[in-house]
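Shown next, in structure tokens, is the structure this report addresses.
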Amino acid sequence: MTSQRRVYLHIGAPKTGTTYVQDRLSRNAKTLAQHGVHFPSRSPLVSPGMFQFRAALDLLGQDWGGDPGHADGNWDALVRRVRRHKGSVIVSHEILAPAPAEAVARAKAELGAGDDLHVVYGVRDLARQLPAAWQESIKQGRKWTYRGFLRKVRTGKPWFYRAFDVPAVLSTWSAGLPPENVHVVTVPQAGTTGPDELWHRFCRAVSIDPAWAPEESRRTNPSLGVAEAALIRRLNKRLGRKVRRDATYDDLVRGLLAEQELAGRESAKLLLPPGMHDWVEAESARWVEWLEQSGVDVIGDLEDLRPLPTRRVDYTNPDKVTSKAQLAAALDALTVMTQEAARREDPEQQLSHRLRSGVRRLRES
């Protein structure tokens with residue numbers, strides 16, 4: 001069966017530049033549409049990225065800490081918008097990577113692209129991906145130690161690792177598709193290519209000219225050092241689950257502290273423990289072997305997936321950061337939070353001000 005549309009399902013993985021790609025697609029949605037490439041949104045008030053995130057949640061039957069049912073109906077809404085378009089349509093969210101087989105089958109059946117449905121999947125070497133994944137989970141409110149996270153990774157338990165496991169993810173998503181419809185984009189090793197190489201590789205995967213999306217993304221996902229990550233983890237333990245699931249947490253702790261003020265401080269870089277290298281190297285070899293035998297379309301170099309070893313002299317354990325280093329980070333955090341509290345008007349005072357203004361206008365009238 002053929003279709004008037006070609007659908008690209010960009011399923012992740014997390015920490016492979018997905019934030020950058022999604023934001024660049026959103027910023028250039030109008031110019032891309034002029035070339036027959038569509039990145040659907042629900043309305044001008046909802047970004048395509050947020051709409052597609054909620055659609056993915058709905059498909060997977062999840063809420064990710066939001067109000068129960070807040071994503072209901074978004075998958076069907078996305079399907080309707082995809083089916084309205086001719087040409088190419090891109091659907092992108094990294095939580096799709098570890099989707100169960102029944103959700104994958106539903107997505108393929110309902111998007112209506114027939115034999116012109118493609119899967120795009122980004123892969124990155126585990127020596128960089130695992131530290132980034134633990135740090136991201138801490139930003140999102142988790143409180144597990146680095147050691148505990150890595151121990152669970154080796155048993156394949158965390159959601160993050162299920163989204164990274166190339167053979168498991170692609171065996172599910174490639175079922176029923178010709179190998180040439182499965183596109184694997186490797187993330188270049190740092191310093192080996194130009195800054196736009198990942199974007200250019202993604203463009204090749206979805207058959208678009210990079211010039212069709214001229215506006216650069218301003219979204220970044222900056223890294224924390226070991227002291228800052230340790231501080232946020234301890235803060236998560238103090239705050240409790242209810243507070244961490246509140247939207248204010250995302251605004252203050254993740255947005256203000258983790259991604260603005262504490263990122264980029266002079267601090268030891270979070271790295272893979274040297275003792276994990278042999279396991280990571282074996283996993284990478286398993287991935288490369290599977291990809292070579294699968295016949296899928298690899299964009300980039302499979303050598304990008306070979307992990308570089310961590311020198312013991314460079315490694316700082318984030319579970320054992322010195323009190324001095326954490327205190328310096330904590331004082332910076334306290335300073336920022338105090339300034340933010342002083343900047344924000346007290347809600348009760350704000351209400352009183354509005355009431356007084358209303359009474360004054362009534363008297364004047």
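For the structure tokens, the naming scheme is as follows: chains receive sequential letters (A, B, ...) according to their order of presentation, residues are indexed from 1 within each chain, and ligands are indexed from 1 in presentation order.
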
So which residues touch stretch 200-202 of chain A within 9 Å, counting only C-alpha atoms, skipping near sequence neighbours fewer than 4 positions away, as a ChimeraX atom specification?
/A:21,120,122,185-187,196,206-210,299-300

Give me the residues within 9 Å of stretch 231-237 of chain A as an mmCIF file with N, CA and C atoms, in the first residue's frame, counting only C-alpha atoms and dropping any in the same chain fewer than 3 places off.
```cif
data_model
loop_
_atom_site.group_PDB
_atom_site.id
_atom_site.type_symbol
_atom_site.label_atom_id
_atom_site.label_comp_id
_atom_site.auth_asym_id
_atom_site.auth_seq_id
_atom_site.Cartn_x
_atom_site.Cartn_y
_atom_site.Cartn_z
ATOM 1 N N ILE A 138 18.343 13.312 37.786
ATOM 2 C CA ILE A 138 18.447 14.142 38.992
ATOM 3 C C ILE A 138 17.746 15.479 38.759
ATOM 4 N N LYS A 139 17.927 16.073 37.589
ATOM 5 C CA LYS A 139 17.230 17.314 37.255
ATOM 6 C C LYS A 139 15.719 17.133 37.315
ATOM 7 N N GLY A 141 14.124 15.246 39.335
ATOM 8 C CA GLY A 141 13.631 15.000 40.681
ATOM 9 C C GLY A 141 14.013 13.682 41.317
ATOM 10 N N ARG A 142 14.760 12.821 40.596
ATOM 11 C CA ARG A 142 15.155 11.555 41.182
ATOM 12 C C ARG A 142 16.204 11.778 42.271
ATOM 13 N N LYS A 143 16.330 10.815 43.173
ATOM 14 C CA LYS A 143 17.249 10.982 44.300
ATOM 15 C C LYS A 143 18.220 9.810 44.453
ATOM 16 N N TRP A 144 18.272 8.908 43.455
ATOM 17 C CA TRP A 144 19.174 7.776 43.574
ATOM 18 C C TRP A 144 20.625 8.204 43.420
ATOM 19 N N THR A 145 21.528 7.440 44.036
ATOM 20 C CA THR A 145 22.962 7.711 43.907
ATOM 21 C C THR A 145 23.418 7.308 42.510
ATOM 22 N N VAL A 226 30.016 17.516 39.064
ATOM 23 C CA VAL A 226 29.695 16.526 40.092
ATOM 24 C C VAL A 226 29.174 17.180 41.378
ATOM 25 N N ALA A 227 29.737 18.319 41.769
ATOM 26 C CA ALA A 227 29.286 18.976 43.004
ATOM 27 C C ALA A 227 27.851 19.471 42.859
ATOM 28 N N GLU A 228 27.527 20.028 41.704
ATOM 29 C CA GLU A 228 26.192 20.566 41.478
ATOM 30 C C GLU A 228 25.149 19.448 41.395
ATOM 31 N N GLY A 240 11.026 15.924 49.077
ATOM 32 C CA GLY A 240 9.946 14.954 49.102
ATOM 33 C C GLY A 240 9.267 14.810 47.747
ATOM 34 N N ARG A 241 8.604 13.679 47.546
ATOM 35 C CA ARG A 241 8.037 13.316 46.248
ATOM 36 C C ARG A 241 6.963 14.294 45.792
ATOM 37 N N VAL A 243 6.466 17.513 46.348
ATOM 38 C CA VAL A 243 7.018 18.779 45.854
ATOM 39 C C VAL A 243 7.727 18.566 44.528
ATOM 40 N N ARG A 244 8.463 17.461 44.403
ATOM 41 C CA ARG A 244 9.227 17.217 43.176
ATOM 42 C C ARG A 244 8.327 16.998 41.975
ATOM 43 N N VAL A 253 13.841 24.519 40.421
ATOM 44 C CA VAL A 253 15.009 23.669 40.618
ATOM 45 C C VAL A 253 15.638 23.272 39.289
ATOM 46 N N ARG A 254 14.811 22.748 38.385
ATOM 47 C CA ARG A 254 15.386 22.338 37.102
ATOM 48 C C ARG A 254 15.726 23.539 36.227
ATOM 49 N N LEU A 257 17.859 26.678 38.714
ATOM 50 C CA LEU A 257 19.114 26.222 39.311
ATOM 51 C C LEU A 257 19.910 25.330 38.359
ATOM 52 N N ALA A 258 19.321 24.176 38.005
ATOM 53 C CA ALA A 258 20.097 23.159 37.305
ATOM 54 C C ALA A 258 20.510 23.579 35.903
ATOM 55 N N GLN A 326 30.495 21.076 47.802
ATOM 56 C CA GLN A 326 29.041 21.177 47.860
ATOM 57 C C GLN A 326 28.592 22.473 48.521
ATOM 58 N N LEU A 327 29.341 22.932 49.522
ATOM 59 C CA LEU A 327 28.983 24.181 50.195
ATOM 60 C C LEU A 327 29.068 25.355 49.234
ATOM 61 N N ALA A 329 28.687 25.311 45.996
ATOM 62 C CA ALA A 329 27.546 25.222 45.092
ATOM 63 C C ALA A 329 26.253 25.606 45.808
ATOM 64 N N ALA A 330 26.124 25.199 47.078
ATOM 65 C CA ALA A 330 24.912 25.493 47.847
ATOM 66 C C ALA A 330 24.763 26.989 48.099
#
```

Rounded to one decimal, what separation in Å do you get between atom CA of A:Asp319 and atom CA of A:Ala229?
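Going from atom CA of A:Asp319 over to atom CA of A:Ala229, I get 9.4 Å.
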
Within 10 Å of stretch 89-97 of chain A: each stretch 160-279 of chain A residue with its shortest pair, only C-alpha atoms, as JSON lines:
```
{"residue": "A:Phe160", "atom": "CA", "partner": "A:Ile95", "partner_atom": "CA", "distance": 9.0}
{"residue": "A:Arg162", "atom": "CA", "partner": "A:Ala97", "partner_atom": "CA", "distance": 8.0}
{"residue": "A:Ala163", "atom": "CA", "partner": "A:Ala97", "partner_atom": "CA", "distance": 5.1}
{"residue": "A:Phe164", "atom": "CA", "partner": "A:Ala97", "partner_atom": "CA", "distance": 7.8}
{"residue": "A:Asp165", "atom": "CA", "partner": "A:Ala97", "partner_atom": "CA", "distance": 9.2}
{"residue": "A:Val166", "atom": "CA", "partner": "A:Ala97", "partner_atom": "CA", "distance": 9.4}
{"residue": "A:Ala168", "atom": "CA", "partner": "A:Ala97", "partner_atom": "CA", "distance": 9.5}
{"residue": "A:Val169", "atom": "CA", "partner": "A:Ala97", "partner_atom": "CA", "distance": 6.1}
{"residue": "A:Leu170", "atom": "CA", "partner": "A:Ala97", "partner_atom": "CA", "distance": 8.4}
{"residue": "A:Thr172", "atom": "CA", "partner": "A:Ala97", "partner_atom": "CA", "distance": 9.3}
{"residue": "A:Trp173", "atom": "CA", "partner": "A:Ala97", "partner_atom": "CA", "distance": 8.2}
{"residue": "A:Val206", "atom": "CA", "partner": "A:Ile90", "partner_atom": "CA", "distance": 8.0}
```

Next, the residues of the selection above should be written as a compact mmCIF listing (two decimals), in the first residue's frame with N, CA, C and O atoms.
```
# COMPACT_ATOMS: atom_id res chain seq x y z
N PHE A 160 15.52 4.86 31.35
CA PHE A 160 16.55 5.43 30.49
C PHE A 160 17.27 4.34 29.71
O PHE A 160 17.47 4.44 28.51
N ARG A 162 16.39 1.24 29.03
CA ARG A 162 15.55 0.55 28.06
C ARG A 162 15.40 1.38 26.78
O ARG A 162 15.21 0.83 25.70
N ALA A 163 15.50 2.70 26.91
CA ALA A 163 15.43 3.58 25.74
C ALA A 163 16.74 3.62 24.97
O ALA A 163 16.76 4.03 23.80
N PHE A 164 17.86 3.19 25.61
CA PHE A 164 19.17 3.22 24.96
C PHE A 164 19.52 1.92 24.25
O PHE A 164 20.38 1.90 23.37
N ASP A 165 18.94 0.82 24.67
CA ASP A 165 19.37 -0.50 24.22
C ASP A 165 19.01 -0.70 22.74
O ASP A 165 17.89 -1.05 22.39
N VAL A 166 19.99 -0.48 21.87
CA VAL A 166 19.75 -0.43 20.43
C VAL A 166 19.05 -1.69 19.90
O VAL A 166 18.01 -1.58 19.23
N ALA A 168 17.19 -3.95 21.40
CA ALA A 168 15.84 -4.11 21.94
C ALA A 168 14.89 -3.08 21.34
O ALA A 168 13.77 -3.42 20.92
N VAL A 169 15.32 -1.82 21.29
CA VAL A 169 14.46 -0.76 20.75
C VAL A 169 14.15 -0.98 19.28
O VAL A 169 12.99 -0.96 18.84
N LEU A 170 15.19 -1.22 18.49
CA LEU A 170 14.98 -1.32 17.04
C LEU A 170 14.35 -2.64 16.63
O LEU A 170 13.69 -2.71 15.59
N THR A 172 11.89 -3.93 18.13
CA THR A 172 10.47 -3.64 18.29
C THR A 172 9.98 -2.69 17.20
O THR A 172 8.98 -2.95 16.52
N TRP A 173 10.69 -1.59 17.00
CA TRP A 173 10.21 -0.56 16.08
C TRP A 173 10.40 -0.93 14.61
O TRP A 173 9.67 -0.44 13.75
N VAL A 206 15.82 12.31 7.49
CA VAL A 206 14.43 12.65 7.17
C VAL A 206 14.31 13.29 5.79
O VAL A 206 13.25 13.83 5.44
```

What lies within 9 Å of A:Thr310 using only C-alpha atoms, ignoring chain neighbours under 6 positions off, as a short mmCIF file (atom, residue, chain, number, x, y, z; two decimals) with N, CA, C and O atoms, in the first residue's frame?
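Writing the result to selection-v3.cif gives the following:
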```cif
data_model
loop_
_atom_site.label_atom_id
_atom_site.label_comp_id
_atom_site.auth_asym_id
_atom_site.auth_seq_id
_atom_site.Cartn_x
_atom_site.Cartn_y
_atom_site.Cartn_z
N ALA A 127 29.60 5.72 27.29
CA ALA A 127 30.49 6.44 28.20
C ALA A 127 30.06 7.88 28.38
O ALA A 127 30.31 8.50 29.42
N LEU A 271 31.72 11.87 34.83
CA LEU A 271 32.24 10.89 33.88
C LEU A 271 31.77 9.48 34.25
O LEU A 271 31.25 9.25 35.34
N LEU A 272 31.98 8.55 33.34
CA LEU A 272 31.71 7.15 33.62
C LEU A 272 32.81 6.62 34.54
O LEU A 272 33.99 6.88 34.32
N PRO A 273 32.45 5.86 35.58
CA PRO A 273 33.50 5.27 36.44
C PRO A 273 34.42 4.36 35.63
O PRO A 273 33.94 3.59 34.78
N PRO A 274 35.72 4.42 35.86
CA PRO A 274 36.64 3.56 35.10
C PRO A 274 36.28 2.08 35.19
O PRO A 274 36.46 1.34 34.22
N GLY A 275 35.73 1.66 36.32
CA GLY A 275 35.38 0.26 36.48
C GLY A 275 34.23 -0.20 35.61
O GLY A 275 33.98 -1.41 35.48
N HIS A 277 34.04 0.58 32.37
CA HIS A 277 34.42 0.67 30.96
C HIS A 277 34.30 -0.67 30.24
O HIS A 277 33.80 -0.71 29.09
#
```

Running DSSP on the backbone, which parts of stretch 110-317 of chain A land in helix (DSSP H, G or I), as a ChimeraX atom specification?
/A:110,114-116,126-139,146-153,159-164,166-173,179-181,197-205,210-212,226-239,241-244,247-261,274-294,302-305,312-314

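Of the residues listed (A:Arg154, A:Arg218, A:Lys320, A:His85), A:Arg154 shows the shortest atom-to-atom separation from A:Val280; distances use only C-alpha atoms.
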
With only C-alpha atoms as the basis for distance, which of A:Leu334, A:Leu308, A:Val123, A:Met276 is at the shortest distance from A:Gly12?
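Nearest to A:Gly12: A:Val123.
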
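Between atom CA of A:Leu117 and atom CA of A:Pro214 the interatomic distance comes to 25.9 Å.
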
Of the candidates A:Ala103, A:Val46, A:Pro14, A:Asn28, which one gets nearest to A:Gln62 if we count only C-alpha atoms?
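Looking only at the distances to A:Gln62, the closest residue turns out to be A:Ala103.
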
Enumerate, as a list in words, the complete set of residues in stretch 9-201 of chain A that a backbone-based DSSP assignment places in strand (DSSP E).
Leu9, His10, Val37, His38, Gly87, Ser88, Val89, Ile90, Val91, Ser92, Leu117, His118, Val119, Val120, Tyr121, Gly122, Val123, Val182, His183, Val184, Val185 and Thr186 of chain A

Mind dumping the selected residues with C-alpha atoms as a compact mmCIF listing (two decimals), in the first residue's frame?
```txt
# COMPACT_ATOMS: atom_id res chain seq x y z
CA LEU A 9 8.84 8.73 13.64
CA HIS A 10 11.82 10.14 15.52
CA VAL A 37 7.69 19.02 5.48
CA HIS A 38 5.34 19.24 8.45
CA GLY A 87 4.38 15.25 1.78
CA SER A 88 6.61 14.49 4.77
CA VAL A 89 5.47 14.59 8.40
CA ILE A 90 7.85 14.38 11.37
CA VAL A 91 6.70 13.12 14.76
CA SER A 92 9.36 13.32 17.46
CA LEU A 117 6.61 5.01 7.33
CA HIS A 118 10.16 5.51 8.60
CA VAL A 119 11.76 5.23 12.05
CA VAL A 120 14.63 7.52 13.04
CA TYR A 121 16.72 6.68 16.11
CA GLY A 122 19.74 8.51 17.52
CA VAL A 123 22.52 6.57 19.25
CA VAL A 182 14.98 2.45 9.68
CA HIS A 183 17.51 5.27 10.02
CA VAL A 184 20.11 5.26 12.80
CA VAL A 185 21.88 8.57 13.43
CA THR A 186 25.12 8.33 15.39
```
